[in-house]
Structure formats: structure tokens, C-alpha cells
Amino acid sequence: MQFKLPSKISIHGIALEVQHIAESTHRSTPVLVFLHEGLGSVSMWRDWPTQLCKRLGCQGLVYSRQGYGQSDAVPHVRGPSGEANGQRHGRLLPDYMHRAALEVLPALLQALDIERPVLLGHSDGGTIALIHASRFEVAGCMVMAPHVVVEDMSVKAITAARDAYQNGPLRQRLEPHHANVDCAFWQWNEVWLSDSFRAFDIRPELNGISAPLLAIQGESDPYGTMAQIDDIARAVPHAQRLKLPDCGHSPHRDQPEAVIQAAQDFMRAL
């Protein structure tokens with residue numbers, strides 16, 4: 001499939017930043033769709049999606065969710081949650097990843113005429129990939145450091161991130177990657193630290209995944225333990241697991257060659 005993209009595309013009235021990676025013109029090659037982490041964006045991936053698509057010989061789609069990168073911001077992101085004219089405003093609700101997976105992503109794929117993609121999600125993006133794959137047909141699903149349940153260590157790490165944003169260098173590091181850096185940070189941080197989000201648990205939904213699945217977790221990830229991908233494997237018996245030593249929350253940055261090799265093996269098996 002060959003498609004051309006503008007720098008932004010309107011989905012449900014929200015302008016989303018998109019990037020097309022054209023490494024293949026073979027119609028039989030699935031499109032690799034990159035789903036970023038809770039503080040990520042198109043530019044936060046840097047050149048890794050391009051390098052991966054080049055090694056795999058496939059096309060890629062990278063986009064920033066609402067409130068991230070150059071996509072439209074969430075109005076009044078720290079105010080009370082509400083909805084007007086079909087669009088949400090204020091603080092995110094605990095179902096924000098379900099909405100991204102079941103409403104926004106299907107509409108984006110349909111708008112771009114992408115059928116049966118391979119999803120590659122990191123952190124929140126991994127969770128979104130799992131939720132989408134449990135309900136929609138995909139050619140494959142690769143997830144890095146996904147969250148299927150909220151662990152105490154996740155809350156501790158996200159609390160530390162709040163301190164680093166308010167009192168340390170985190171805001172300065174994130175600012176070049178987001179048109180509205182405060183929107184990007186607070187929409188993620190405040191929902192994760194809300195009391196209502198502690199009950200977030202997608203494990204019952206995982207048995208709906210029939211597509212090939214690869215789950216990757218770093219052994220030194222401060223945001224989650226191996227229980228995350230072990231729970232995935234219990235619910236999806238055909239899932240492959242890759243546990244990486246000397247690796248934190250971003251396997252594609254900490255162990256890039258190991259992740260690329262695993263992705264090559266996974267795609268070859270498809």
C-alpha cells in the first residue's frame with residue numbers, strides 16, 4: 001500500500017500530527033503503526049521508526065495523539081472533565097486509552113485506508129495496541145513495556161516524574177517535542193495519579209487477541225515489572241515474550257539491536 005500524508009489529519013474534528021515512512025511499495029507488506037508512550041510524540045521517537053522500517057522493508061505510520069507533539073491540545077487539560085460537541089475537555093478519564101484504541105485509531109486507519117496493520121506500541125502506546133488488537137483485526141502486535149494493570153511501582157515512578165517536571169529538568173527536556181508541553185505532561189500525569197485509575201485493568205480483555213503478539217519488557221523498568229508481560233502470556237498463550245537485561249522503560253533506546261532483531265524475526269514469521 002502506498003499513501004501520502006499531510007503533516008496533520010483531522011480525526012473526529014481533532015488535528016493529529018502524522019508522519020509517513022515509505023520504505024516499501026509492496027502492497028502485500030503490512031504497514032507498521034507506531035503508538036507512542038505517555039509523554040511521547042512523533043519527534044520523541046527520533047529516527048528509530050525510520051531505521052526499523054528500513055530494516056524490515058515496510059512502510060510506517062507515526063502519529064501524535066491529541067495533546068502531544070504538534071497535535072491539537074486538550075482544552076482546559078487540568079480542569080474538570082467534560083464533553084462538548086463530541087469532544088472531551090479537562091482532565092483525562094481512566095478510559096482514555098480505550099478511547100484512543102477503539103475510537104481514534106480505527107478512524108485514523110480508515111481515513112488512510114490502512115487495513116490489517118502491524119501495531120508497535122510503547123508504554124501507554126503498548127496498552128492501546130493491546131486493546132485495539134483485542135477488538136479489531138490486525139496482522140500482528142508488538143508491545144514494549146505495556147501496562148495491563150497499575151502497579152505500585154508505576155505510581156511511585158510517575159510521582160517522581162511529577163517532581164522532576166516541577167522541580168527538575170524534565171519540562172525542559174520535553175518542551176522541544178510538544179507544542180503545548182504542559183498539556184502533554186499533565187494529561188498523562190494526573191490521570192495516572194488519580195484514585196480512579198488505580199482500578200485500571202485490561203487483563204480480562206486480552207483473551208480477545210488472536211493475532212501474533214510479541215511482548216517486550218526491560219528487567220530494570222521503573223514503571224513496571226515482568227508481571228505485565230507474564231499476565232499477557234497467561235491470557236494469550238501464543239504470545240512471545242522477550243525479557244531484556246540492562247534495559248529500562250524504553251527497550252528501543254536501551255537495547256535497540258535486540259528489539260530490531262526480535263521485530264525482524266516476528267515480521268518474518270508473519
# chains A, B, ... in the order shown; residues from 1 in each chain; ligands from 1
>>> residues_around(residues="Asp182 (chain A)", least_positions_apart="3", cutoff="12 Å", atoms="only C-alpha atoms", output="ChimeraX atom specification")
/A:39,67-69,73-78,162,165-166,170-172,174-179,185-190
>>> write_last_selection(atoms="N, CA, C and O atoms", output="short mmCIF file (atom, residue, chain, number, x, y, z; two decimals), in the first residue's frame")
data_model
loop_
_atom_site.label_atom_id
_atom_site.label_comp_id
_atom_site.auth_asym_id
_atom_site.auth_seq_id
_atom_site.Cartn_x
_atom_site.Cartn_y
_atom_site.Cartn_z
N LEU A 39 4.36 10.20 27.40
CA LEU A 39 4.92 11.53 27.20
C LEU A 39 5.55 11.66 25.82
O LEU A 39 6.34 12.56 25.58
N GLY A 67 -3.04 16.26 22.22
CA GLY A 67 -2.33 16.81 23.37
C GLY A 67 -0.84 16.58 23.34
O GLY A 67 -0.13 17.05 24.24
N TYR A 68 -0.35 15.87 22.32
CA TYR A 68 1.08 15.56 22.23
C TYR A 68 1.65 16.08 20.92
O TYR A 68 0.94 16.26 19.93
N GLY A 69 2.96 16.28 20.91
CA GLY A 69 3.63 16.70 19.70
C GLY A 69 3.01 17.97 19.15
O GLY A 69 2.78 18.94 19.86
N ALA A 73 -4.18 20.42 21.19
CA ALA A 73 -4.15 20.24 22.63
C ALA A 73 -5.53 19.85 23.16
O ALA A 73 -6.54 19.99 22.47
N VAL A 74 -5.55 19.34 24.38
CA VAL A 74 -6.79 19.08 25.09
C VAL A 74 -7.20 20.38 25.79
O VAL A 74 -6.44 20.90 26.60
N PRO A 75 -8.37 20.94 25.49
CA PRO A 75 -8.77 22.20 26.13
C PRO A 75 -8.89 22.05 27.65
O PRO A 75 -9.40 21.05 28.14
N HIS A 76 -8.39 23.04 28.37
CA HIS A 76 -8.52 23.11 29.84
C HIS A 76 -8.08 21.78 30.48
O HIS A 76 -8.80 21.20 31.30
N VAL A 77 -6.89 21.32 30.12
CA VAL A 77 -6.46 19.97 30.45
C VAL A 77 -6.42 19.68 31.95
O VAL A 77 -6.54 18.53 32.37
N ARG A 78 -6.31 20.71 32.79
CA ARG A 78 -6.27 20.48 34.23
C ARG A 78 -7.58 20.86 34.92
O ARG A 78 -7.67 20.85 36.15
N ARG A 162 6.54 13.67 38.28
CA ARG A 162 5.91 14.95 38.59
C ARG A 162 6.89 15.89 39.28
O ARG A 162 6.96 17.09 38.95
N TYR A 165 9.37 17.15 36.80
CA TYR A 165 8.79 18.13 35.88
C TYR A 165 8.68 19.50 36.56
O TYR A 165 8.97 20.53 35.95
N GLN A 166 8.27 19.50 37.83
CA GLN A 166 8.06 20.76 38.54
C GLN A 166 9.37 21.36 39.07
O GLN A 166 9.52 22.59 39.11
N LEU A 170 12.94 17.82 33.66
CA LEU A 170 12.07 17.09 32.74
C LEU A 170 11.30 18.01 31.80
O LEU A 170 11.18 17.73 30.61
N ARG A 171 10.77 19.11 32.32
CA ARG A 171 10.00 20.01 31.44
C ARG A 171 10.86 20.54 30.31
O ARG A 171 10.42 20.60 29.14
N GLN A 172 12.08 20.90 30.64
CA GLN A 172 12.99 21.44 29.62
C GLN A 172 13.32 20.39 28.56
O GLN A 172 13.43 20.71 27.37
N LEU A 174 11.35 17.87 27.63
CA LEU A 174 10.16 17.55 26.85
C LEU A 174 9.73 18.68 25.93
O LEU A 174 9.12 18.44 24.88
N GLU A 175 10.01 19.91 26.31
CA GLU A 175 9.45 21.08 25.62
C GLU A 175 9.71 21.11 24.12
O GLU A 175 8.80 21.47 23.34
N PRO A 176 10.88 20.72 23.63
CA PRO A 176 11.09 20.77 22.18
C PRO A 176 10.20 19.80 21.39
O PRO A 176 10.07 19.95 20.17
N HIS A 177 9.61 18.83 22.06
CA HIS A 177 8.86 17.80 21.37
C HIS A 177 7.35 18.01 21.38
O HIS A 177 6.60 17.22 20.80
N HIS A 178 6.88 19.06 22.06
CA HIS A 178 5.44 19.27 22.20
C HIS A 178 5.10 20.75 22.01
O HIS A 178 5.75 21.62 22.60
N ALA A 179 4.08 21.02 21.22
CA ALA A 179 3.63 22.40 21.04
C ALA A 179 3.10 22.97 22.35
O ALA A 179 3.24 24.16 22.61
N PHE A 185 2.24 16.84 29.47
CA PHE A 185 2.63 16.24 30.74
C PHE A 185 1.45 16.01 31.67
O PHE A 185 1.26 14.91 32.19
N TRP A 186 0.65 17.05 31.88
CA TRP A 186 -0.38 16.94 32.93
C TRP A 186 -1.52 16.01 32.55
O TRP A 186 -2.10 15.36 33.43
N GLN A 187 -1.83 15.89 31.26
CA GLN A 187 -2.92 14.97 30.92
C GLN A 187 -2.53 13.54 31.28
O GLN A 187 -3.38 12.76 31.75
N TRP A 188 -1.26 13.21 31.09
CA TRP A 188 -0.78 11.86 31.43
C TRP A 188 -0.60 11.71 32.93
O TRP A 188 -1.09 10.75 33.54
N ASN A 189 0.09 12.65 33.54
CA ASN A 189 0.46 12.51 34.94
C ASN A 189 -0.76 12.50 35.86
O ASN A 189 -0.84 11.68 36.79
N GLU A 190 -1.71 13.38 35.62
CA GLU A 190 -2.82 13.50 36.56
C GLU A 190 -3.79 12.32 36.48
O GLU A 190 -4.35 11.92 37.51
#
>>> select_by_dssp(residues="region 3-103 of chain A", states="alpha helix (DSSP H)", output="ChimeraX atom specification")
/A:48-56,96-99
>>> closest_residue(among="A:Asn85, A:Lys54, A:Ser134, A:Leu119", to="Ile260 (chain A)", atoms="only C-alpha atoms")
A:Lys54
>>> closest_residue(among="A:Leu108, A:Leu193, A:Ala101, A:Ala269", to="Asp124 (chain A)", atoms="only C-alpha atoms")
A:Ala101
>>> residues_around(residues="Ala199 (chain A)", least_positions_apart="3", cutoff="9 Å", atoms="only C-alpha atoms", output="PyMOL selection string")
chain A and resi 94+149-150+195-196
